[in-house]
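Below is one structure; the comments refer to it alone.
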Amino acid sequence: MPVQKIVIGRDKADLKDFGLQGTAFIGKHVVGEGDEAHLTNAVQLDVSRPHIVLVCGKRGTGKSYSGGIVAEEIALLPTEVRNNLSVLLFDTMGIYWSMKHANTKEAGALRDWGLVPKGLPIRLLVPKGYVAAYQEAGVEVDGVLSLPVADLTALDWILTFGFSPIDDFGIVIERVIKKVQSRVPRYGIEDIIYEIQADKTTDPRTKDALVNRFLAAIEWGIFEKAGTPVTGLFRPGGITVIDVSHFLSVSEGWSVKSMLVGMLTRKIFQERLMARKAEEFEVMTGERKKTIPMVWVMIDEAHEFLPSHGKTAASEPLLTLVRQGREPGISLLLITQRPNKLHEAALSQADIVVAHRLTSRADLEALRGIMQTYLFEDIQEYINSLPRVKGAAIVLDDNSERIYPIQVRPRLTWHAGGSPSALKKKGIFDE
Ligand SMILES: Nc1ncnc2c1ncn2[C@@H]1O[C@H](COP(=O)(O)OP(=O)(O)OP(=O)(O)O)[C@@H](O)[C@H]1O
Ligand SMILES: [Mg+2]
């Protein structure tokens, strides 16, 4: 009898035309509860069409690990499928660089699944100012990320610094950016500072406060007049990891990360809109133009960038992807501990949810908001019945309106995100 596979996020027409092609093996269906629980059919997730996948769960339940599984699977697709996709992973905790290495520490678990450890050729990009710190830690960096100052809007600066467009600081920034834009086409932070100092209508205290903010922004080590062209971030079939974890050490940590995520996602949207036109043109005329592939944008700690309350510099660009990303072929994989703290639009547009253990009523309610056909008690019951092991989750598929308890497969690549322990296991660290 052929082994039945469960396919998530794929409609009947695509199933008929493509079968399992372009799907990701994320884990196995769990049947039974407690000691009786056992693994059965493979669970395959469609990655060839645009989706919004929400991965949630309490601390340490396997969310970042599961995000890595989807990235791995895209990297392992057959070349002709893979080359139409690319992955951009915003690494907020600095844990995905280790995907270059084979997961030898879980070789036994992988063997049980019929898999072998394997490192993947991911490309690690690090903000310009932090390259040296990485190299000191022994992490090989593949490229430097810098942003062109002139691509930031006045509102980006205002939100990043924690001002409002209608307070004194916000009003001055708006005016100054307009001036500098008309004066120098490819301006740098120094040009902004010059313009603040030259501004006659602003009092010296406000000027000083603003100049200090922009001087601090130079220290973030991400700005250049030219910056990394966004098209360079997408290689067909490639995984690009952008490590933004170091900004935790600056006082505006999350706002700097948000600015970076916001600016890049805005550009991805523009690039893919253009690419889509070129793709249609090819279908009509047979003439091929160079474009960037479809994109999977993966974001850990997504509620920090797209919160349910308040606004960050990433809010608008991410909302654009959430609401209009399907047409240009952009998928989002949003990871969060607190679905309830994530913007309602992201929840309501999510078509696939991977929910690891969650206990807070508000978070469970948020999930029910996505799958209205299910009762709150049903979802709670499914989650409570999960085996108490890492990587156990329920998958909600809006396409088929079904829920499956699953065990996410072990990673082929090394996962650097486990909790550190004061007790060292012999053999792993002692070589
Ligand atoms: N599918 C899995 N199979 C085996 N082990 C797993 C699996 N998922 C997670 N783990 C184990 O659980 C640990 C924690 O997982 P992970 O780092 O993904 O947690 P998290 O939910 O992202 O936590 P946090 O909210 O703190 O970021 C991993 O280091 C790994 O050892
Ligand atoms: Mg995590």
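Naming works like this for the structure tokens: A, B, ... for the chains as they're shown, residue 1 at the start of each chain, ligands 1 onward in shown order.
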
Find the residues near stretch 210-225 of chain A: any atom within 10 Å, counting only C-alpha atoms, skip ones fewer than 2 places away on the same chain, and give them as a PyMOL selection string. chain A and resi 126-131+144-151+157+160-161+169-170+172-173+185-190+192-197+204-208+227-228+246-247+249-253+256+260

From a DSSP pass on the backbone, collect the residues of stretch 165-400 of chain A flagged as alpha helix (DSSP H) and hand them back as a PyMOL selection string. chain A and resi 168-183+189-198+204-219+253-285+302-305+315-324+344-349+361-370+376-384

Shell of 9 Å around stretch 37-50 of chain A, only C-alpha atoms, local chain residues under 4 positions omitted, as a PyMOL selection string: chain A and resi 3-10+20-33+70+73-74+81-82+84-85+294-296+325-332+386-387+406-408

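For the residues A:Asp397, A:Asp167, A:Asp91, A:Glu136, ranking by smallest atom-to-atom distance to ligand 2 using only C-alpha atoms and all ligand atoms places A:Asp91 first.
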
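The coordinates place atom CA of A:His343 at 16.4 Å from atom CA of A:Trp254.
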
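Using only C-alpha atoms and all ligand atoms, we find that the residues with an atom at most 8 Å from any atom of ligand 2 are Arg59, Gly60, Gly62, Lys63, Ser64, Tyr65, Met93, Asp300, Glu301, Ile335 and Gly417 of chain A.
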
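Distance-wise, atom CA of A:Glu287 and atom CA of A:Pro78 end up 24.2 Å apart.
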
For ligand 1, which residue among A:Leu342, A:Cys56, A:Val353, A:Leu152 is the nearest when counting only C-alpha atoms and all ligand atoms? A:Cys56

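Remark: for ligand 1, the closest of the candidate residues A:Met259, A:Leu334, A:Ile403, A:Ile352 is A:Leu334 (distances computed over only C-alpha atoms and all ligand atoms).
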
Tell me, as number ranges by chain, which residues lie within 10 Å of A:Gln349, counting only C-alpha atoms; anything in the same chain fewer than 3 positions away does not count. A: 51-54, 322-323, 344-346, 352, 370, 398

Go ahead and write the residues just picked, N, CA and C atoms, as an mmCIF file, in the first residue's frame.
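Generated output (out22.cif):
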```cif
data_model
loop_
_atom_site.group_PDB
_atom_site.id
_atom_site.type_symbol
_atom_site.label_atom_id
_atom_site.label_comp_id
_atom_site.auth_asym_id
_atom_site.auth_seq_id
_atom_site.Cartn_x
_atom_site.Cartn_y
_atom_site.Cartn_z
ATOM 1 N N HIS A 51 2.627 31.891 0.816
ATOM 2 C CA HIS A 51 1.855 31.598 2.030
ATOM 3 C C HIS A 51 2.241 32.564 3.137
ATOM 4 N N ILE A 52 1.372 32.630 4.132
ATOM 5 C CA ILE A 52 1.786 33.263 5.390
ATOM 6 C C ILE A 52 1.720 32.176 6.453
ATOM 7 N N VAL A 53 2.891 31.803 6.925
ATOM 8 C CA VAL A 53 2.981 30.735 7.917
ATOM 9 C C VAL A 53 3.282 31.370 9.264
ATOM 10 N N LEU A 54 2.500 31.009 10.251
ATOM 11 C CA LEU A 54 2.752 31.505 11.597
ATOM 12 C C LEU A 54 3.286 30.340 12.432
ATOM 13 N N VAL A 322 1.991 41.368 4.090
ATOM 14 C CA VAL A 322 0.898 40.550 4.599
ATOM 15 C C VAL A 322 -0.338 40.693 3.704
ATOM 16 N N ARG A 323 -0.636 41.935 3.325
ATOM 17 C CA ARG A 323 -1.885 42.174 2.580
ATOM 18 C C ARG A 323 -1.731 41.985 1.088
ATOM 19 N N GLU A 344 -3.038 42.034 14.202
ATOM 20 C CA GLU A 344 -4.231 41.267 13.837
ATOM 21 C C GLU A 344 -4.257 40.911 12.340
ATOM 22 N N ALA A 345 -3.720 41.797 11.492
ATOM 23 C CA ALA A 345 -3.739 41.519 10.042
ATOM 24 C C ALA A 345 -2.881 40.295 9.713
ATOM 25 N N ALA A 346 -1.755 40.155 10.404
ATOM 26 C CA ALA A 346 -0.884 39.007 10.143
ATOM 27 C C ALA A 346 -1.582 37.724 10.576
ATOM 28 N N ILE A 352 -1.387 29.112 7.235
ATOM 29 C CA ILE A 352 -0.856 27.897 7.847
ATOM 30 C C ILE A 352 -0.298 28.278 9.221
ATOM 31 N N ILE A 370 -7.817 32.714 13.767
ATOM 32 C CA ILE A 370 -7.365 32.345 12.421
ATOM 33 C C ILE A 370 -8.256 31.242 11.855
ATOM 34 N N ASP A 398 -5.503 26.244 6.764
ATOM 35 C CA ASP A 398 -6.710 26.970 6.404
ATOM 36 C C ASP A 398 -7.264 26.483 5.063
#
```

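For the residues A:Leu89, A:Asn103, A:Pro121, A:Met284, ranking by smallest atom-to-atom distance to A:Leu76 using only C-alpha atoms places A:Pro121 first.
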
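Distances to ligand 1 were evaluated for A:Asp112, A:Glu377, A:Glu401, A:Glu280 using only C-alpha atoms and all ligand atoms, and the minimum falls at A:Asp112.
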
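In this comparison, which uses only C-alpha atoms, the residue of A:Ser255, A:Ile394, A:Thr285, A:Gly369 approaching A:Gly162 most closely is A:Ser255.
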
Pairwise distance, atom CA of A:Met274 with atom CA of A:Gly262, equals 18.8 Å
